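Data file: input.txt. Format and content: compact mmCIF, C-alpha atoms and all ligand atoms.
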```
# COMPACT_ATOMS: atom_id res chain seq x y z
CA MET A 1 54.68 22.09 9.47
CA THR A 2 55.80 25.45 10.88
CA THR A 3 58.96 25.38 12.92
CA VAL A 4 59.42 28.01 15.57
CA VAL A 5 61.94 28.73 18.21
CA ALA A 6 59.93 28.70 21.40
CA LYS A 7 61.04 29.86 24.81
CA GLU A 8 62.16 27.74 27.68
CA THR A 9 62.98 29.75 30.80
CA PRO A 10 65.16 31.78 31.03
CA ALA A 11 65.04 33.71 27.73
CA PRO A 12 66.88 31.85 24.95
CA GLN A 13 70.51 32.59 24.18
CA ALA A 14 72.54 31.12 21.37
CA ALA A 15 73.37 27.54 22.34
CA VAL A 16 77.06 26.76 22.78
CA LYS A 17 77.56 23.61 20.73
CA GLY A 18 79.28 20.94 22.77
CA LEU A 19 79.37 23.41 25.70
CA LYS A 20 82.84 24.35 24.41
CA GLY A 21 84.37 27.01 26.66
CA VAL A 22 81.34 27.11 28.97
CA ILE A 23 82.35 27.29 32.64
CA ALA A 24 80.12 24.70 34.30
CA ALA A 25 81.56 24.83 37.86
CA ASP A 26 84.42 25.94 40.06
CA SER A 27 86.88 23.13 40.69
CA ALA A 28 90.11 22.93 42.68
CA ILE A 29 91.29 19.65 41.18
CA CYS A 30 92.93 20.33 37.84
CA LEU A 31 94.06 23.12 35.54
CA VAL A 32 94.11 22.35 31.82
CA ASP A 33 95.79 25.36 30.26
CA GLY A 34 94.98 25.04 26.57
CA GLN A 35 96.97 28.12 25.51
CA GLU A 36 100.23 27.32 27.28
CA GLY A 37 99.90 23.52 27.13
CA ARG A 38 100.08 23.10 30.89
CA LEU A 39 98.42 20.37 32.92
CA ILE A 40 98.37 20.87 36.68
CA TYR A 41 96.93 18.47 39.28
CA ARG A 42 96.14 20.35 42.52
CA GLY A 43 98.95 22.82 41.82
CA TYR A 44 101.57 20.30 40.67
CA ASN A 45 102.77 20.27 37.08
CA ILE A 46 102.24 16.98 35.25
CA HIS A 47 105.92 16.98 34.19
CA ASP A 48 107.03 16.90 37.85
CA LEU A 49 104.50 14.23 38.72
CA ALA A 50 105.50 12.15 35.70
CA GLU A 51 109.14 12.34 36.75
CA HIS A 52 108.92 11.93 40.50
CA SER A 53 105.56 10.59 41.59
CA THR A 54 103.67 7.29 41.67
CA PHE A 55 100.06 6.49 40.82
CA GLU A 56 99.20 5.95 44.49
CA GLU A 57 100.66 9.35 45.40
CA VAL A 58 98.75 11.01 42.54
CA CYS A 59 95.52 9.36 43.74
CA TYR A 60 96.13 10.71 47.24
CA LEU A 61 96.84 14.16 45.81
CA LEU A 62 93.71 14.19 43.65
CA LEU A 63 91.41 12.87 46.36
CA LYS A 64 92.77 14.77 49.35
CA GLY A 65 94.15 17.93 47.78
CA ASP A 66 97.78 17.67 48.86
CA LEU A 67 100.80 15.41 48.59
CA PRO A 68 101.02 12.86 51.42
CA SER A 69 103.77 12.50 54.02
CA ALA A 70 105.66 9.19 53.89
CA PHE A 71 103.45 7.81 56.67
CA GLN A 72 100.22 8.98 55.03
CA LEU A 73 101.29 7.47 51.71
CA GLU A 74 102.09 4.12 53.31
CA GLU A 75 98.71 4.01 55.04
CA PHE A 76 96.94 5.02 51.85
CA ARG A 77 98.82 2.41 49.79
CA SER A 78 97.89 -0.45 52.07
CA GLU A 79 94.24 0.65 52.24
CA LEU A 80 94.08 0.88 48.44
CA ALA A 81 95.76 -2.53 48.10
CA GLU A 82 93.11 -4.13 50.33
CA TYR A 83 90.48 -3.20 47.77
CA ARG A 84 92.18 -5.01 44.90
CA ARG A 85 90.13 -8.15 45.36
CA ILE A 86 86.84 -8.45 43.51
CA ALA A 87 83.75 -10.31 44.70
CA PRO A 88 83.55 -13.92 43.41
CA GLU A 89 80.08 -13.13 42.03
CA VAL A 90 81.63 -10.47 39.79
CA VAL A 91 84.22 -12.97 38.52
CA SER A 92 81.40 -15.45 37.82
CA PHE A 93 79.53 -12.72 35.97
CA LEU A 94 82.57 -11.95 33.81
CA LYS A 95 83.01 -15.66 33.09
CA SER A 96 79.42 -15.79 31.83
CA LEU A 97 80.18 -13.20 29.13
CA PRO A 98 81.19 -14.21 25.59
CA ARG A 99 84.93 -14.72 25.22
CA ASP A 100 85.13 -12.05 22.51
CA MET A 101 83.48 -9.49 24.79
CA LEU A 102 84.25 -5.86 24.05
CA PRO A 103 86.49 -4.93 27.02
CA MET A 104 84.94 -1.51 27.71
CA SER A 105 81.40 -2.91 27.56
CA ALA A 106 82.42 -5.71 29.90
CA LEU A 107 84.07 -3.22 32.27
CA ARG A 108 81.01 -0.96 32.31
CA SER A 109 78.79 -3.97 33.06
CA ALA A 110 81.18 -5.39 35.67
CA VAL A 111 81.19 -2.11 37.61
CA SER A 112 77.41 -2.15 37.54
CA VAL A 113 77.30 -5.74 38.82
CA ALA A 114 79.98 -4.98 41.46
CA GLY A 115 77.58 -2.37 42.88
CA LEU A 116 74.93 -5.06 43.40
CA TYR A 117 77.34 -7.06 45.57
CA ASP A 118 78.63 -4.13 47.62
CA PRO A 119 76.45 -3.89 50.72
CA GLN A 120 77.68 -0.32 51.25
CA ALA A 121 76.89 0.83 47.70
CA GLU A 122 74.01 3.07 48.77
CA GLU A 123 75.65 4.53 51.90
CA THR A 124 75.94 8.30 51.74
CA SER A 125 78.02 9.30 54.80
CA ALA A 126 81.22 11.20 53.97
CA GLU A 127 83.22 8.27 55.35
CA ALA A 128 81.39 5.74 53.16
CA GLN A 129 81.82 7.98 50.11
CA SER A 130 85.59 8.18 50.61
CA ARG A 131 85.84 4.44 51.26
CA THR A 132 83.91 3.55 48.10
CA ALA A 133 86.14 5.87 46.07
CA LEU A 134 89.18 3.90 47.22
CA LYS A 135 87.36 0.63 46.64
CA LEU A 136 86.63 1.63 43.04
CA ILE A 137 90.19 2.78 42.35
CA GLY A 138 91.58 -0.40 43.95
CA THR A 139 89.32 -2.81 42.07
CA MET A 140 89.25 -1.20 38.63
CA SER A 141 92.60 -2.61 37.53
CA THR A 142 91.65 -6.08 38.84
CA LEU A 143 88.47 -5.96 36.74
CA VAL A 144 90.40 -4.84 33.66
CA ALA A 145 92.96 -7.62 34.10
CA ALA A 146 90.24 -10.23 34.67
CA ILE A 147 88.53 -9.17 31.43
CA HIS A 148 91.85 -9.36 29.60
CA ARG A 149 92.68 -12.85 30.87
CA LEU A 150 89.21 -14.25 30.21
CA ARG A 151 89.44 -12.97 26.64
CA GLN A 152 92.71 -14.90 26.32
CA GLY A 153 91.04 -18.05 27.70
CA GLN A 154 92.94 -17.74 31.00
CA GLU A 155 91.76 -17.68 34.60
CA PRO A 156 91.82 -14.30 36.38
CA LEU A 157 94.56 -14.12 39.02
CA GLU A 158 94.43 -13.21 42.70
CA PRO A 159 95.98 -9.77 43.29
CA LYS A 160 99.35 -9.54 45.01
CA LEU A 161 99.07 -7.08 47.87
CA ASP A 162 102.82 -6.63 48.33
CA LEU A 163 103.32 -5.11 44.85
CA SER A 164 102.72 -1.45 43.99
CA HIS A 165 99.44 -0.60 42.29
CA SER A 166 101.06 -0.60 38.84
CA GLY A 167 103.24 -3.64 39.58
CA ASN A 168 100.19 -5.61 40.65
CA PHE A 169 98.25 -4.44 37.59
CA MET A 170 101.01 -5.70 35.27
CA TYR A 171 101.17 -8.95 37.24
CA LEU A 172 97.41 -9.48 36.94
CA LEU A 173 97.56 -8.82 33.20
CA ASN A 174 100.59 -10.98 32.36
CA GLY A 175 100.81 -13.56 35.16
CA ARG A 176 104.38 -12.69 36.12
CA VAL A 177 105.90 -10.13 38.45
CA PRO A 178 106.97 -7.24 36.20
CA THR A 179 110.44 -5.71 36.01
CA ALA A 180 111.02 -2.27 37.54
CA ASP A 181 110.96 -0.75 34.02
CA GLU A 182 107.65 -2.41 33.16
CA THR A 183 106.14 -1.22 36.42
CA ARG A 184 107.39 2.31 35.80
CA ALA A 185 105.94 2.33 32.27
CA MET A 186 102.49 1.40 33.60
CA ASP A 187 102.84 3.91 36.43
CA LEU A 188 103.62 6.67 33.93
CA ILE A 189 100.56 5.79 31.85
CA LEU A 190 98.36 5.82 34.96
CA ILE A 191 99.78 9.13 36.24
CA LEU A 192 99.36 10.89 32.89
CA HIS A 193 95.77 9.75 32.32
CA ALA A 194 94.55 10.17 35.90
CA GLU A 195 92.84 13.53 35.59
CA HIS A 196 91.92 16.11 32.97
CA GLY A 197 89.36 18.61 34.21
CA PHE A 198 85.86 18.68 32.78
CA ASN A 199 86.40 16.16 29.97
CA ALA A 200 83.35 14.23 28.72
CA SER A 201 83.56 11.23 31.06
CA THR A 202 84.30 13.35 34.14
CA PHE A 203 81.45 15.67 33.27
CA ALA A 204 79.19 12.62 32.84
CA ALA A 205 80.30 11.45 36.29
CA ARG A 206 79.52 14.85 37.78
CA VAL A 207 76.10 14.98 36.11
CA ILE A 208 75.14 11.54 37.45
CA SER A 209 76.54 12.17 40.92
CA ALA A 210 74.72 15.51 41.12
CA THR A 211 71.41 13.63 41.06
CA LEU A 212 72.68 11.90 44.25
CA SER A 213 72.78 8.56 42.47
CA ASP A 214 75.17 5.89 43.81
CA TRP A 215 78.91 5.49 43.12
CA TYR A 216 78.55 2.46 40.85
CA SER A 217 75.96 4.13 38.59
CA VAL A 218 78.25 7.17 38.36
CA ILE A 219 81.30 5.16 37.35
CA ALA A 220 79.39 2.89 34.95
CA GLY A 221 78.14 6.07 33.23
CA ALA A 222 81.61 7.59 33.11
CA ILE A 223 83.00 4.40 31.54
CA GLY A 224 80.27 4.62 28.90
CA ALA A 225 81.36 8.16 28.04
CA LEU A 226 85.07 7.27 27.98
CA LYS A 227 84.42 4.39 25.59
CA GLY A 228 83.58 6.67 22.65
CA PRO A 229 86.27 7.06 19.93
CA LEU A 230 86.21 10.85 20.22
CA HIS A 231 87.26 10.47 23.88
CA GLY A 232 89.14 7.55 25.48
CA GLY A 233 88.33 5.13 22.68
CA ALA A 234 90.68 7.06 20.39
CA ASN A 235 93.76 5.11 21.56
CA THR A 236 92.34 1.83 20.23
CA GLU A 237 91.62 3.55 16.91
CA VAL A 238 95.16 4.93 16.73
CA LEU A 239 96.63 1.43 16.85
CA LYS A 240 94.24 0.34 14.09
CA SER A 241 95.60 3.22 11.96
CA LEU A 242 99.23 2.27 12.68
CA ILE A 243 98.55 -1.35 11.74
CA GLU A 244 96.70 -0.30 8.60
CA ILE A 245 99.66 1.91 7.61
CA GLY A 246 102.11 -0.91 8.36
CA ASP A 247 105.22 0.87 7.07
CA VAL A 248 106.59 4.42 7.20
CA SER A 249 106.43 4.62 3.40
CA ASN A 250 102.65 4.22 3.53
CA VAL A 251 102.03 7.23 5.77
CA GLY A 252 101.61 9.73 2.92
CA PRO A 253 99.04 7.67 0.96
CA TYR A 254 97.17 6.91 4.22
CA VAL A 255 96.90 10.60 5.08
CA GLU A 256 95.69 11.37 1.54
CA ARG A 257 93.02 8.66 1.83
CA VAL A 258 91.74 10.01 5.15
CA ARG A 259 91.74 13.55 3.76
CA ALA A 260 89.89 12.46 0.61
CA THR A 261 87.09 10.90 2.68
CA LYS A 262 87.08 13.81 5.18
CA GLY A 263 87.90 11.27 7.88
CA ASN A 264 89.15 11.89 11.38
CA PHE A 265 92.82 11.44 12.30
CA MET A 266 92.52 9.57 15.56
CA GLY A 267 94.85 10.79 18.29
CA PHE A 268 94.97 14.33 16.86
CA GLY A 269 93.25 17.52 17.93
CA HIS A 270 91.90 18.49 21.29
CA ALA A 271 88.92 20.42 22.60
CA VAL A 272 91.12 22.48 24.96
CA TYR A 273 94.79 22.35 23.91
CA GLN A 274 95.70 24.80 21.14
CA VAL A 275 99.34 23.76 21.51
CA GLU A 276 100.99 20.42 22.18
CA ASP A 277 99.31 18.14 24.73
CA PRO A 278 101.83 18.14 27.61
CA ARG A 279 101.27 14.41 28.20
CA ALA A 280 102.19 13.33 24.68
CA GLY A 281 105.96 13.89 24.93
CA HIS A 282 106.34 11.54 27.92
CA LEU A 283 104.54 8.73 26.11
CA LYS A 284 106.46 9.43 22.91
CA GLU A 285 109.83 9.11 24.63
CA LEU A 286 108.88 5.85 26.32
CA SER A 287 107.51 4.46 23.06
CA ARG A 288 110.83 5.35 21.38
CA ARG A 289 112.81 3.58 24.11
CA LEU A 290 110.72 0.41 24.10
CA GLY A 291 110.77 0.28 20.29
CA LEU A 292 114.57 0.37 20.33
CA GLU A 293 114.89 -2.08 23.23
CA GLN A 294 112.63 -4.56 21.48
CA GLY A 295 114.28 -4.11 18.10
CA LYS A 296 110.89 -3.15 16.61
CA PRO A 297 111.12 0.59 16.10
CA GLN A 298 108.58 0.61 13.24
CA TRP A 299 105.50 1.40 15.38
CA TYR A 300 107.27 4.38 16.88
CA GLU A 301 108.68 5.45 13.50
CA ILE A 302 105.29 5.23 11.77
CA SER A 303 103.83 7.31 14.60
CA VAL A 304 106.51 9.99 14.28
CA GLU A 305 106.00 10.27 10.52
CA LEU A 306 102.21 10.29 10.89
CA GLU A 307 102.49 13.03 13.50
CA ARG A 308 104.66 15.09 11.15
CA VAL A 309 102.43 14.71 8.09
CA VAL A 310 99.09 15.18 9.88
CA LYS A 311 100.38 18.27 11.65
CA GLU A 312 101.46 19.71 8.33
CA GLU A 313 98.14 18.82 6.68
CA ILE A 314 95.55 19.85 9.26
CA ARG A 315 97.52 21.92 11.76
CA LYS A 316 96.49 19.70 14.67
CA ASN A 317 98.87 18.39 17.31
CA CYS A 318 98.72 14.85 18.55
CA ASN A 319 97.01 14.25 21.89
CA VAL A 320 97.56 11.85 24.80
CA ASP A 321 96.01 8.94 22.90
CA PHE A 322 98.45 9.05 20.01
CA TYR A 323 101.72 7.78 21.49
CA SER A 324 99.93 5.76 24.15
CA ALA A 325 98.92 3.43 21.29
CA SER A 326 102.41 2.44 20.12
CA LEU A 327 103.64 2.44 23.72
CA GLN A 328 100.97 0.04 24.97
CA HIS A 329 101.46 -2.09 21.87
CA TYR A 330 105.14 -2.42 22.84
CA MET A 331 104.03 -3.32 26.36
CA GLY A 332 102.14 -6.29 24.94
CA ILE A 333 98.69 -4.85 25.71
CA PRO A 334 96.10 -5.59 23.02
CA GLY A 335 94.57 -2.53 21.32
CA GLU A 336 91.02 -3.31 22.45
CA LEU A 337 92.19 -3.07 26.06
CA PHE A 338 93.80 0.40 25.79
CA THR A 339 90.67 2.30 26.80
CA CYS A 340 90.20 0.03 29.83
CA ILE A 341 93.73 0.94 30.95
CA PHE A 342 92.70 4.59 30.54
CA ALA A 343 89.64 3.88 32.73
CA ALA A 344 91.80 2.19 35.38
CA SER A 345 93.69 5.48 35.61
CA ARG A 346 90.94 8.08 35.09
CA ILE A 347 88.93 6.43 37.88
CA ALA A 348 91.13 8.53 40.20
CA GLY A 349 90.03 11.80 38.57
CA TRP A 350 86.40 10.70 38.39
CA CYS A 351 86.42 9.93 42.11
CA ALA A 352 88.03 13.26 43.02
CA HIS A 353 85.39 15.10 40.97
CA VAL A 354 82.46 13.16 42.42
CA LEU A 355 83.65 13.89 45.97
CA GLU A 356 84.02 17.56 45.06
CA GLN A 357 80.54 17.55 43.49
CA TRP A 358 78.95 15.97 46.57
CA ASP A 359 80.79 18.37 48.85
CA ASP A 360 78.81 21.29 47.43
CA ASN A 361 76.12 19.69 45.34
CA LYS A 362 73.68 21.23 42.93
CA ILE A 363 71.81 19.23 40.34
CA ILE A 364 73.18 19.87 36.84
CA ARG A 365 70.32 20.76 34.56
CA PRO A 366 71.08 23.06 31.63
CA SER A 367 68.43 24.34 29.22
CA SER A 368 67.96 24.14 25.49
CA ASN A 369 66.46 26.39 22.85
CA TYR A 370 63.35 24.60 21.64
CA THR A 371 63.36 24.37 17.84
CA GLY A 372 60.47 21.91 17.36
CA PRO A 373 56.93 22.59 16.09
CA ALA A 374 54.70 25.22 17.70
CA GLU A 375 51.98 23.91 19.99
CA ARG A 376 49.34 22.13 17.90
CA ALA A 377 46.12 20.20 18.28
CA TYR A 378 46.26 16.47 19.02
CA LEU A 379 44.79 14.48 16.12
CA ALA A 380 42.97 11.23 16.79
CA ILE A 381 44.81 8.30 15.18
CA GLU A 382 42.12 7.63 12.55
CA LYS A 383 42.44 11.22 11.32
CA ARG A 384 46.23 11.20 10.71
C1 LIG B 401 89.20 15.73 20.16
C2 LIG B 401 88.18 16.30 19.18
C3 LIG B 401 86.85 15.55 19.36
C4 LIG B 401 87.99 17.78 19.52
O1 LIG B 401 86.99 18.25 18.65
P1 LIG B 401 86.69 19.81 18.54
O2 LIG B 401 86.71 20.45 19.86
O3 LIG B 401 85.47 19.95 17.70
O4 LIG B 401 87.97 20.30 17.71
P2 LIG B 401 88.23 21.69 17.01
O5 LIG B 401 87.19 22.69 17.37
O6 LIG B 401 89.65 22.03 17.23
O7 LIG B 401 88.00 21.28 15.48
C5 LIG B 401 88.12 22.23 14.49
C6 LIG B 401 88.08 21.57 13.13
O8 LIG B 401 89.18 20.67 12.98
C7 LIG B 401 88.74 19.40 12.59
N1 LIG B 401 89.47 18.37 13.33
C8 LIG B 401 89.71 18.36 14.65
N2 LIG B 401 90.37 17.25 14.97
C9 LIG B 401 90.53 16.56 13.82
C10 LIG B 401 91.12 15.33 13.55
N3 LIG B 401 91.66 14.57 14.49
N4 LIG B 401 91.11 14.89 12.26
C11 LIG B 401 90.56 15.64 11.28
N5 LIG B 401 89.98 16.81 11.51
C12 LIG B 401 89.96 17.27 12.77
C13 LIG B 401 87.29 19.34 13.04
O9 LIG B 401 86.55 18.41 12.27
C14 LIG B 401 86.83 20.75 12.86
O10 LIG B 401 86.49 20.94 11.52
P3 LIG B 401 85.14 21.73 11.13
O11 LIG B 401 85.27 23.07 11.79
O12 LIG B 401 85.17 21.74 9.64
O13 LIG B 401 84.02 20.91 11.70
C15 LIG B 401 88.68 16.17 17.72
O14 LIG B 401 89.91 16.83 17.59
C16 LIG B 401 88.80 14.74 17.26
O15 LIG B 401 87.80 14.17 16.78
N6 LIG B 401 90.01 14.13 17.39
C17 LIG B 401 90.17 12.75 17.02
C18 LIG B 401 89.69 11.85 18.15
C19 LIG B 401 90.65 11.89 19.32
O16 LIG B 401 91.84 11.76 19.16
N7 LIG B 401 90.07 12.00 20.52
C20 LIG B 401 90.82 12.02 21.75
C21 LIG B 401 90.89 13.38 22.33
S1 LIG B 401 91.99 13.45 23.71
```
Will you turn the file into structure tokens for me?
Ligand SMILES: CC(C)(COP(=O)(O)OP(=O)(O)OC[C@H]1O[C@@H](n2cnc3c(N)ncnc32)[C@H](O)[C@@H]1OP(=O)(O)O)[C@@H](O)C(=O)NCCC(=O)NCCS
Amino acid sequence: MTTVVAKETPAPQAAVKGLKGVIAADSAICLVDGQEGRLIYRGYNIHDLAEHSTFEEVCYLLLKGDLPSAFQLEEFRSELAEYRRIAPEVVSFLKSLPRDMLPMSALRSAVSVAGLYDPQAEETSAEAQSRTALKLIGTMSTLVAAIHRLRQGQEPLEPKLDLSHSGNFMYLLNGRVPTADETRAMDLILILHAEHGFNASTFAARVISATLSDWYSVIAGAIGALKGPLHGGANTEVLKSLIEIGDVSNVGPYVERVRATKGNFMGFGHAVYQVEDPRAGHLKELSRRLGLEQGKPQWYEISVELERVVKEEIRKNCNVDFYSASLQHYMGIPGELFTCIFAASRIAGWCAHVLEQWDDNKIIRPSSNYTGPAERAYLAIEKR
């Protein structure tokens, strides 16, 4: 069979594998500066937001473009809190799933089902679009917590509207009102993961929304993209590595084994950052603190040694997923749930991008260089 490179319009250019470095749109939401290691949401450096802000404030910033006044934030908070409840049909659906359900698959399916029970799911007015964005941000953590509790054989809890978004999330997961430190730890995780430019799941969300599909299809698709171990699923894999290593003294042999099989070091490398991921240090410090407080510093210590050796071996820095693994482990969150926590945060970025896409929409339809067979005659089945 002859293989030719045929033309699709316009004239073929060399394909950019993985679209790396391709500018696919203008966007005012986020700057990921891979050379300097800067992450900026709507003009604000992630370090300032991590230190001073809250997840609700970051959501407002991402969705509306500016920081809120105290009054605006209060209004926004209570509106977001109202959307914490999930439809009873969605809870029944989750209860019908096997107890050992994969959390990200359950979350993807739950979002899809939630769309079927939202009478406004297909509304396209600007007001309905903004409302559904808040609804999705508000309910995502309730869905994640419900999945977690059902997997533990426990009943999902009713959200508490008087707690902050992160406080309520921790309450729904653990069944007790969290301490200020626990709430702050979750808030930090949510702030740091909320947005990251044209990453794979956000791009997936933009592609789906650009067809003018509905909110729930968009977010179910984005969750599917986030689930992959090369993207959000990496944090779950990092914990598996730490557990496999088990002790600082085993780091060297582990690294050798992965190198020998040309394996991937999960939680290392990044498509954009050439220098340290600016989010990693915040998670590292919190992981260190919790390890000490709990008298179990080994998960932090294994991570630090693994970071050192991998960096030396492959010249790759750790990314956001690396220290989020030991940190969430200290917070009592099971590894399989880590990517769902990521989703409960990144929903804010997805929503900001979808609103931006719809504000000036154009269907996203790139081309490919055709490398299949040249046009040929159809052969009847009995002649093949
Ligand atoms: C994130 C990731 C997918 C980016 O991939 P990318 O854009 O192709 O990365 P680069 O262009 O910098 O890769 C250059 C080389 O380094 C290797 N490399 C990158 N990250 C690596 C890692 N974590 N472990 C081992 N090798 C790695 C690549 O395989 C590639 O080698 P090749 O040229 O022989 O194929 C990749 O670094 C990775 O798989 N990391 C582990 C998964 C992870 O942590 N994902 C979460 C990202 S936030």
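Taking all atoms listed in the file into account, Leu39 in chain A lies nearest to A:Gly197 out of the set A:Phe169, A:Cys340, A:Arg85, A:Gly197.
Considering only C-alpha atoms, the residue among A:Trp350, A:Phe265, A:Phe338, A:Phe322 positioned nearest to Ala225 in chain A is A:Trp350.
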- Task: Could you report the residues within 7 Å of ligand LIG 401 (chain B), using all atoms listed in the file, as a PyMOL selection string?
- Result: chain A and resi 229-232+234+263-271+314+316+319-321
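Separating CA of Ile23 in chain A from CA of Pro366 in chain A is a distance of 12.1 Å.
Atom to atom, CA of Ile137 in chain A and CA of Tyr83 in chain A stand 8.1 Å apart.
Proximity of A:Ala374, A:Val111, A:Ala133, A:Leu62 to Ile40 in chain A, computed with all atoms listed in the file, is greatest for A:Leu62.
The shell of residues at most 12 Å from Gly332 in chain A, with only C-alpha atoms counted and near chain neighbours (fewer than 3 positions) removed, consists of His148, Met170, Leu173, Asn174, Glu182, Ala185, Met186, Leu290, Gly291, Gln294, Ala325, Ser326, Leu327, Gln328, His329, Gly335, Glu336, Leu337 and Phe338 of chain A.
For the atom pair formed by CA of Cys59 in chain A and CA of Leu31 in chain A, the distance is 16.1 Å, given to one decimal.
Between Ile147 in chain A and the candidates A:Thr261, A:Ser345, A:Thr54, A:Ser105, the tightest atom-to-atom separation, counting all atoms listed in the file, involves A:Ser105.
Candidate residues A:Val207, A:Leu80, A:Ala87, A:Ile364 were compared for distance to Asp162 in chain A, and the nearest is A:Leu80, using all atoms listed in the file.
For Glu305 in chain A, the list of residues within 12 Å, based on only C-alpha atoms and with local chain neighbours fewer than 3 positions off taken out, reads Leu242, Ile245, Asp247, Val248, Ser249, Asn250, Val251, Gly252, Tyr254, Val255, Gln298, Trp299, Tyr300, Glu301, Ile302, Arg308, Val309, Val310, Lys311, Glu312 and Cys318 of chain A.
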- Message: Neighbouring residues of range 64-69 of chain A were defined as those with any atom within 9 Å, considering only C-alpha atoms; residues of the same chain fewer than 4 positions away were excluded. Please report them as a PyMOL selection string.
- Response: chain A and resi 28-29+41-43+57-60+73-74+76+352
At a cut-off of 12 Å, using all atoms listed in the file, what residues contact His282 in chain A? Leave out same-chain residues fewer than 5 positions from it and give the result as a PDB file with C-alpha atoms, in the frame of the given file.
```
ATOM      1  CA  ILE A  46     102.240  16.980  35.250  1.00  0.00           C
ATOM      2  CA  HIS A  47     105.920  16.980  34.190  1.00  0.00           C
ATOM      3  CA  ASP A  48     107.030  16.900  37.850  1.00  0.00           C
ATOM      4  CA  LEU A  49     104.500  14.230  38.720  1.00  0.00           C
ATOM      5  CA  ALA A  50     105.500  12.150  35.700  1.00  0.00           C
ATOM      6  CA  GLU A  51     109.140  12.340  36.750  1.00  0.00           C
ATOM      7  CA  ALA A 185     105.940   2.330  32.270  1.00  0.00           C
ATOM      8  CA  ASP A 187     102.840   3.910  36.430  1.00  0.00           C
ATOM      9  CA  LEU A 188     103.620   6.670  33.930  1.00  0.00           C
ATOM     10  CA  ILE A 189     100.560   5.790  31.850  1.00  0.00           C
ATOM     11  CA  ILE A 191      99.780   9.130  36.240  1.00  0.00           C
ATOM     12  CA  LEU A 192      99.360  10.890  32.890  1.00  0.00           C
ATOM     13  CA  HIS A 193      95.770   9.750  32.320  1.00  0.00           C
ATOM     14  CA  GLU A 276     100.990  20.420  22.180  1.00  0.00           C
ATOM     15  CA  ASP A 277      99.310  18.140  24.730  1.00  0.00           C
ATOM     16  CA  SER A 287     107.510   4.460  23.060  1.00  0.00           C
ATOM     17  CA  ARG A 288     110.830   5.350  21.380  1.00  0.00           C
ATOM     18  CA  ARG A 289     112.810   3.580  24.110  1.00  0.00           C
ATOM     19  CA  ASN A 319      97.010  14.250  21.890  1.00  0.00           C
ATOM     20  CA  VAL A 320      97.560  11.850  24.800  1.00  0.00           C
ATOM     21  CA  ASP A 321      96.010   8.940  22.900  1.00  0.00           C
ATOM     22  CA  PHE A 322      98.450   9.050  20.010  1.00  0.00           C
ATOM     23  CA  TYR A 323     101.720   7.780  21.490  1.00  0.00           C
ATOM     24  CA  SER A 324      99.930   5.760  24.150  1.00  0.00           C
ATOM     25  CA  LEU A 327     103.640   2.440  23.720  1.00  0.00           C
TER      26      LEU A 327
END
```
Go ahead and fit an axis-aligned box to every listed atom of range 182-201 of chain A plus 8 Å each side, and pass me the centre and edge lengths in Å, one decimal, as lines of an AutoDock Vina configuration file.
```
center_x = 95.5
center_y = 8.1
center_z = 32.6
size_x = 40.3
size_y = 37.1
size_z = 23.7
```
Step by step: start from the point (108.0, -6.1, 39.4) in the file's coordinates, keep every protein, DNA or RNA residue that has an atom no farther than 9 Å from it, count all atoms listed in the file, and write the set as a short mmCIF file (atom, residue, chain, number, x, y, z; two decimals) with C-alpha atoms, in the frame of the given file.
```
data_model
loop_
_atom_site.label_atom_id
_atom_site.label_comp_id
_atom_site.auth_asym_id
_atom_site.auth_seq_id
_atom_site.Cartn_x
_atom_site.Cartn_y
_atom_site.Cartn_z
CA LEU A 163 103.32 -5.11 44.85
CA SER A 164 102.72 -1.45 43.99
CA SER A 166 101.06 -0.60 38.84
CA GLY A 167 103.24 -3.64 39.58
CA ASN A 168 100.19 -5.61 40.65
CA MET A 170 101.01 -5.70 35.27
CA TYR A 171 101.17 -8.95 37.24
CA ARG A 176 104.38 -12.69 36.12
CA VAL A 177 105.90 -10.13 38.45
CA PRO A 178 106.97 -7.24 36.20
CA THR A 179 110.44 -5.71 36.01
CA ALA A 180 111.02 -2.27 37.54
CA ASP A 181 110.96 -0.75 34.02
CA GLU A 182 107.65 -2.41 33.16
CA THR A 183 106.14 -1.22 36.42
#
```
Atoms added to range 299-304 of chain A (N, CA and C atoms), reported as a PDB file, keeping the file's coordinate frame:
```pdb
ATOM      1  N   TRP A 299     106.759   0.807  14.892  1.00  0.00           N
ATOM      2  CA  TRP A 299     105.500   1.400  15.380  1.00  0.00           C
ATOM      3  C   TRP A 299     105.743   2.827  15.852  1.00  0.00           C
ATOM      4  N   TYR A 300     106.903   3.018  16.463  1.00  0.00           N
ATOM      5  CA  TYR A 300     107.270   4.380  16.880  1.00  0.00           C
ATOM      6  C   TYR A 300     107.549   5.236  15.634  1.00  0.00           C
ATOM      7  N   GLU A 301     108.294   4.668  14.698  1.00  0.00           N
ATOM      8  CA  GLU A 301     108.680   5.450  13.500  1.00  0.00           C
ATOM      9  C   GLU A 301     107.464   5.826  12.652  1.00  0.00           C
ATOM     10  N   ILE A 302     106.521   4.905  12.517  1.00  0.00           N
ATOM     11  CA  ILE A 302     105.290   5.230  11.770  1.00  0.00           C
ATOM     12  C   ILE A 302     104.560   6.368  12.494  1.00  0.00           C
ATOM     13  N   SER A 303     104.524   6.280  13.818  1.00  0.00           N
ATOM     14  CA  SER A 303     103.830   7.310  14.600  1.00  0.00           C
ATOM     15  C   SER A 303     104.470   8.680  14.391  1.00  0.00           C
ATOM     16  N   VAL A 304     105.814   8.707  14.423  1.00  0.00           N
ATOM     17  CA  VAL A 304     106.510   9.990  14.280  1.00  0.00           C
ATOM     18  C   VAL A 304     106.220  10.597  12.902  1.00  0.00           C
TER      19      VAL A 304
END
```
